[in-house]
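Taking it in order: structure first as structure tokens, then the write-up.
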Amino acid sequence: MMERVSSWGLSQALLRSTMATQARLAERQTASASGLKGQSYADLSSDSARLISMETTLTRLQTRSDNTQTALDRVESMHTAVGSMVDLAGDLRTTLSQLLSQTDDTVDYNAVGQGLLSDLADLMNLQMDGRYLFGGSRTTAAPVDTSLLAVPATPSTADDGYYLGDDVTQSVGVSDQSSIDYGVTAGQSGFEKILRAANILANTDTSDLDKDAVTEAYDLATEALDELLATQGRLSVNASRLEAFGERQDTTLSLLSDRISDVKSVDVAAVTVEISQLQSILEASYSALSKVSSLSLTDF
């Protein structure tokens with residue numbers, strides 16, 4: 001007795017299997033080309049939550065690293081500016097010493113004093129990326145205006161009328177537990193003294209020299225020189241600390257980036273082998289599907 005042979009169910013099963021193999025092969029080929037396990041978090045199944053957590057941490061650490069580098073750039077700029085102020089303090093002492101000994105009558109000492117005031121103000125009004133560095137938290141306006149200085153008396157008194165900033169010390173968070181205070185303001189004593197000394201020189205009557213005033217200006221310049229050197233030293237220490245934390249942050253970022261890459265990236269060698277296997281399976285499926293599709297009752 002001849003049994004009726006039906007190929008419909010078999011051909012549909014083979015077709016579904018072939019289509020699934022095609023989809024898997026396309027997925028593996030995409031992974032091989034991109035180097036990634038998937039194109040979305042859903043493709044990573046159980047690793048997706050861990051990857052999101054690591055990427056969130058990476059973004060936070062990258063922001064902190066960028067802030068640390070910005071602070072370091074500012075500190076280095078301030079260090080250079082204070083170094084230039086130190087040089088001007090030395091020049092001012094030399095000029096005042098010459099005036100006291102009156103060894104050169106051709107020098108316009110008042111003009112020298114005014115020039116020093118202008119140069120010092122330029123340094124104290126240092127900007128970086130549109131931000132004034134010596135004004136504390138008041139970063140949008142120039143913190144120093146030497147035109148606001150009063151004509152000094154003899155003996156003089158501290159005059160901070162030139163300073164338009166505040167006393168806030170800038171700081172940056174370098175870890176979850178630590179922050180570094182790095183700011184310097186132009187309202188500090190060393191800045192005031194060098195400006196007052198230059199102001200005395202700018203307003204000295206050289207035709208009727210007040211040697212007490214000039215001597216006071218010399219002493220102020222000397223004190224300012226010492227204090228500015230101390231400020232420069234603190235800036236140097238802060239720069240070293242910021243640089244050290246920055247290096248640690250970069251190391252952490254590199255390690256975390258590697259871990260993220262491990263989660264997201266495929267094993268290229270393993271994927272290549274899998275692609276070869278899927279291609280073989282697919283070829284066999286095509287062959288089987290072709291044979292099933294060609295079956296006929298007349299063949300039995």
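Ordered as shown in the structure tokens, chains take letters A, B, and onward, while each chain numbers its residues from 1 and ligands are numbered from 1 in the order shown.
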Write out as a tab-separated table a residue-level contact list of range 183-263 of chain A versus range 76-83 of chain A with cut-off 8 Å: for each qualifying residue the closest pair of atoms and the distance in Å to one decimal, counting only C-alpha atoms, rows sorted by chain and residue number upward.
```
residue	atom	partner	partner_atom	distance
A:Val184	CA	A:Met78	CA	7.9
A:Leu228	CA	A:Val82	CA	6.7
A:Leu229	CA	A:Gly83	CA	7.7
A:Thr231	CA	A:Val82	CA	7.7
A:Gln232	CA	A:His79	CA	5.6
A:Leu235	CA	A:His79	CA	5.9
A:Ser236	CA	A:His79	CA	6.9
A:Ala239	CA	A:Glu76	CA	6.7
```
Would you output that residue set with N, CA and C atoms, as a compact mmCIF listing (two decimals), in the first residue's frame?
```txt
# COMPACT_ATOMS: atom_id res chain seq x y z
N VAL A 184 44.61 82.11 43.64
CA VAL A 184 45.33 83.23 44.25
C VAL A 184 44.60 84.50 43.84
N LEU A 228 55.61 87.49 47.13
CA LEU A 228 55.28 86.97 45.81
C LEU A 228 56.04 85.69 45.51
N LEU A 229 57.28 85.61 45.97
CA LEU A 229 58.03 84.36 45.82
C LEU A 229 57.35 83.23 46.59
N THR A 231 54.15 83.09 47.26
CA THR A 231 52.94 82.78 46.49
C THR A 231 53.27 81.89 45.30
N GLN A 232 54.35 82.22 44.62
CA GLN A 232 54.76 81.42 43.47
C GLN A 232 55.10 80.00 43.92
N LEU A 235 51.89 78.10 44.44
CA LEU A 235 51.33 77.74 43.14
C LEU A 235 52.07 76.54 42.55
N SER A 236 53.37 76.51 42.73
CA SER A 236 54.16 75.40 42.23
C SER A 236 53.77 74.09 42.91
N ALA A 239 50.42 73.03 41.59
CA ALA A 239 50.56 72.48 40.24
C ALA A 239 51.05 71.04 40.30
```
Using only C-alpha atoms, the best pick from A:Gly190, A:Gly136, A:Gly183, A:Gly233 as closest to Asp73 in chain A would be A:Gly183
### Residue neighbourhood Ile260 in chain A, 9 Å, only C-alpha atoms, exclusion window fewer than 6 positions, as an MDAnalysis selection string
chainID A and resid 51 54:55
Write to file, as a tab-separated table (two decimals), in the first residue's frame, the residues of the selection just made, with C-alpha atoms.
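Contents of out_16.tsv, freshly written:
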```tsv
chain	number	residue	atom	x	y	z
A	51	LEU	CA	28.15	48.38	30.90
A	54	MET	CA	30.77	51.63	33.86
A	55	GLU	CA	29.99	54.15	31.12
```
Q.
For the structure I just gave you, how does DSSP split range 141-300 of chain A - specifically, which residues are helix (DSSP H, G or I)? Reply as a count of residues only.
A. 104
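Looking only at range 61-136 of chain A, the set that DSSP places in strand (DSSP E or B) from backbone geometry is Gln127, Met128, Arg131 and Tyr132 of chain A.
One distance worth recording is that between CA of Glu243 in chain A and CA of Ser53 in chain A, which is 27.3 Å.
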Skip Gly113 in chain A itself and residues of its chain fewer than 5 positions away, then list as a ChimeraX atom specification all residues within 7 Å of it, counting only C-alpha atoms. /A:198-199,201-202
For the selection you just gave me, I'd like the residues written to a file as a CSV table (one decimal), in the first residue's frame, keeping N, CA, C and O atoms.
```csv
chain,number,residue,atom,x,y,z
A,198,ALA,N,55.0,100.9,43.8
A,198,ALA,CA,55.1,101.5,42.5
A,198,ALA,C,54.3,102.8,42.5
A,198,ALA,O,54.7,103.8,41.8
A,199,ASN,N,53.2,102.8,43.2
A,199,ASN,CA,52.4,104.1,43.3
A,199,ASN,C,53.2,105.2,44.0
A,199,ASN,O,53.0,106.4,43.6
A,201,LEU,N,56.4,105.5,43.9
A,201,LEU,CA,57.4,106.0,42.9
A,201,LEU,C,56.7,106.9,41.9
A,201,LEU,O,57.2,107.9,41.5
A,202,ALA,N,55.5,106.5,41.4
A,202,ALA,CA,54.8,107.3,40.4
A,202,ALA,C,54.4,108.7,40.9
A,202,ALA,O,54.2,109.6,40.1
```
Near Arg241 in chain A, within 12 Å and counting only C-alpha atoms, which residues show up once chain neighbours fewer than 6 positions away are dropped, as a tab-separated table (two decimals) with N, CA, C and O atoms, in the first residue's frame?
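Listing of around09.tsv after writing:
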```tsv
chain	number	residue	atom	x	y	z
A	68	THR	N	40.35	68.92	36.38
A	68	THR	CA	41.69	68.93	36.98
A	68	THR	C	42.71	69.54	36.01
A	68	THR	O	43.56	70.36	36.40
A	69	GLN	N	42.61	69.18	34.73
A	69	GLN	CA	43.52	69.72	33.72
A	69	GLN	C	43.31	71.23	33.56
A	69	GLN	O	44.27	71.99	33.41
A	71	ALA	N	42.20	73.30	35.86
A	71	ALA	CA	42.79	73.93	37.04
A	71	ALA	C	44.31	73.99	36.93
A	71	ALA	O	44.93	75.00	37.29
A	72	LEU	N	44.92	72.91	36.43
A	72	LEU	CA	46.37	72.89	36.26
A	72	LEU	C	46.82	73.95	35.27
A	72	LEU	O	47.81	74.66	35.51
A	75	VAL	N	46.67	77.27	37.06
A	75	VAL	CA	47.75	77.42	38.04
A	75	VAL	C	49.07	77.73	37.35
A	75	VAL	O	49.84	78.59	37.79
A	172	VAL	N	39.19	72.75	43.16
A	172	VAL	CA	38.70	71.75	42.21
A	172	VAL	C	38.68	70.40	42.92
A	172	VAL	O	39.59	70.05	43.67
A	174	VAL	N	39.26	66.63	43.03
A	174	VAL	CA	40.13	65.72	42.28
A	174	VAL	C	39.82	64.26	42.56
A	174	VAL	O	40.34	63.36	41.89
A	178	SER	N	38.74	64.23	47.97
A	178	SER	CA	39.73	65.30	48.01
A	178	SER	C	39.44	66.42	47.03
A	178	SER	O	38.91	66.19	45.94
A	179	SER	N	39.80	67.63	47.45
A	179	SER	CA	39.78	68.79	46.56
A	179	SER	C	41.04	69.59	46.83
A	179	SER	O	41.65	69.49	47.90
A	180	ILE	N	41.44	70.38	45.85
A	180	ILE	CA	42.66	71.18	45.98
A	180	ILE	C	42.30	72.65	45.80
A	180	ILE	O	41.70	73.03	44.80
A	181	ASP	N	42.66	73.46	46.81
A	181	ASP	CA	42.54	74.92	46.68
A	181	ASP	C	43.73	75.41	45.88
A	181	ASP	O	44.88	75.18	46.25
A	182	TYR	N	43.46	76.07	44.77
A	182	TYR	CA	44.57	76.49	43.91
A	182	TYR	C	44.56	77.98	43.58
A	182	TYR	O	45.52	78.49	43.02
A	234	ARG	N	53.75	78.38	46.47
A	234	ARG	CA	52.49	77.67	46.74
A	234	ARG	C	51.84	77.23	45.43
A	234	ARG	O	51.29	76.12	45.35
A	235	LEU	N	51.89	78.10	44.44
A	235	LEU	CA	51.33	77.74	43.14
A	235	LEU	C	52.07	76.54	42.55
A	235	LEU	O	51.46	75.66	41.92
A	247	GLU	N	47.45	62.48	36.66
A	247	GLU	CA	48.04	61.23	36.17
A	247	GLU	C	47.27	60.02	36.70
A	247	GLU	O	47.04	59.04	35.97
A	248	ARG	N	46.87	60.08	37.98
A	248	ARG	CA	46.09	58.98	38.55
A	248	ARG	C	44.74	58.86	37.85
A	248	ARG	O	44.25	57.75	37.56
```
Counting only C-alpha atoms, the residue among A:Leu120, A:Ala89, A:Ala244, A:Leu148 that lies closest to Glu223 in chain A is A:Ala89
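Counting only C-alpha atoms and comparing A:Leu61, A:Ala20, A:Asp208, A:Thr169, the residue that lies closest to Phe245 in chain A is A:Leu61.
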Discussion item. List as a VMD selection string the protein and nucleic acid residues near Leu256 in chain A, meaning an atom at most 12 Å away when only C-alpha atoms are counted, but skip any in the same chain fewer than 3 places from it.
Written reply: chain A and resid 50 to 51 53 to 62 249 to 253 259 to 263
At a cut-off of 12 Å, using only C-alpha atoms, what residues contact Asp145 in chain A? Leave out same-chain residues fewer than 4 positions from it and give the result as a tab-separated table (two decimals) with N, CA, C and O atoms, in the first residue's frame.
```tsv
chain	number	residue	atom	x	y	z
A	117	LEU	N	53.05	100.28	37.32
A	117	LEU	CA	51.66	100.09	37.72
A	117	LEU	C	50.85	99.47	36.58
A	117	LEU	O	50.05	98.56	36.79
A	118	SER	N	51.08	99.96	35.38
A	118	SER	CA	50.36	99.44	34.22
A	118	SER	C	50.73	97.99	33.95
A	118	SER	O	49.85	97.14	33.70
A	119	ASP	N	52.04	97.69	34.01
A	119	ASP	CA	52.48	96.31	33.75
A	119	ASP	C	51.95	95.35	34.82
A	119	ASP	O	51.53	94.22	34.50
A	120	LEU	N	51.98	95.79	36.07
A	120	LEU	CA	51.49	94.94	37.15
A	120	LEU	C	49.98	94.70	37.02
A	120	LEU	O	49.50	93.58	37.22
A	121	ALA	N	49.25	95.74	36.66
A	121	ALA	CA	47.80	95.59	36.48
A	121	ALA	C	47.50	94.60	35.35
A	121	ALA	O	46.58	93.78	35.47
A	122	ASP	N	48.26	94.67	34.27
A	122	ASP	CA	48.05	93.73	33.16
A	122	ASP	C	48.25	92.29	33.62
A	122	ASP	O	47.47	91.39	33.25
A	123	LEU	N	49.27	92.07	34.43
A	123	LEU	CA	49.54	90.72	34.93
A	123	LEU	C	48.44	90.25	35.89
A	123	LEU	O	48.02	89.08	35.86
A	124	MET	N	47.98	91.17	36.74
A	124	MET	CA	46.95	90.80	37.72
A	124	MET	C	45.58	90.64	37.08
A	124	MET	O	44.69	90.00	37.66
A	125	ASN	N	45.41	91.19	35.90
A	125	ASN	CA	44.16	91.03	35.16
A	125	ASN	C	44.27	89.93	34.11
A	125	ASN	O	43.58	89.94	33.08
A	135	GLY	N	40.80	87.21	40.46
A	135	GLY	CA	39.68	87.93	41.08
A	135	GLY	C	38.83	87.10	42.00
A	135	GLY	O	37.71	87.50	42.34
A	141	ALA	N	34.93	90.10	35.31
A	141	ALA	CA	35.37	91.49	35.21
A	141	ALA	C	36.80	91.62	35.73
A	141	ALA	O	37.21	90.87	36.63
A	149	LEU	N	43.70	103.76	43.01
A	149	LEU	CA	44.67	103.95	44.09
A	149	LEU	C	44.73	105.44	44.48
A	149	LEU	O	44.77	106.32	43.61
A	150	ALA	N	44.77	105.67	45.77
A	150	ALA	CA	44.90	107.05	46.26
A	150	ALA	C	46.36	107.49	46.21
A	150	ALA	O	47.27	106.65	46.20
A	160	ASP	N	43.80	98.88	49.45
A	160	ASP	CA	43.28	97.82	48.59
A	160	ASP	C	42.12	98.31	47.72
A	160	ASP	O	41.35	97.52	47.18
A	161	GLY	N	42.03	99.62	47.56
A	161	GLY	CA	40.96	100.20	46.76
A	161	GLY	C	41.02	99.79	45.29
A	161	GLY	O	40.02	99.86	44.58
A	162	TYR	N	42.18	99.35	44.86
A	162	TYR	CA	42.37	98.93	43.47
A	162	TYR	C	41.68	97.60	43.17
A	162	TYR	O	41.41	97.27	42.03
A	163	TYR	N	41.40	96.81	44.23
A	163	TYR	CA	40.96	95.43	44.04
A	163	TYR	C	39.44	95.34	43.99
A	163	TYR	O	38.75	95.73	44.94
A	164	LEU	N	38.93	94.78	42.91
A	164	LEU	CA	37.49	94.69	42.69
A	164	LEU	C	36.97	93.25	42.77
A	164	LEU	O	35.79	93.00	42.51
A	165	GLY	N	37.85	92.32	43.10
A	165	GLY	CA	37.45	90.93	43.23
A	165	GLY	C	36.98	90.61	44.64
A	165	GLY	O	36.62	91.51	45.42
A	186	ALA	N	44.37	88.84	43.66
A	186	ALA	CA	45.21	90.04	43.60
A	186	ALA	C	44.97	90.95	44.79
A	186	ALA	O	45.57	92.03	44.88
A	187	GLY	N	44.11	90.54	45.71
A	187	GLY	CA	43.91	91.32	46.92
A	187	GLY	C	44.85	90.92	48.03
A	187	GLY	O	44.83	91.52	49.12
A	192	GLU	N	49.26	93.87	46.99
A	192	GLU	CA	49.01	95.24	47.45
A	192	GLU	C	50.30	95.99	47.67
A	192	GLU	O	50.43	97.17	47.29
A	195	LEU	N	52.08	97.08	44.40
A	195	LEU	CA	51.37	98.19	43.77
A	195	LEU	C	51.57	99.48	44.56
A	195	LEU	O	51.73	100.56	43.97
```
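CA of Gln188 in chain A to CA of Val214 in chain A spans 22.4 Å [interatomic distance, one decimal].
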Among A:Thr222, A:Asn238, A:Thr215, A:Ser147, Leu99 in chain A is approached most closely, using only C-alpha atoms, by A:Thr215
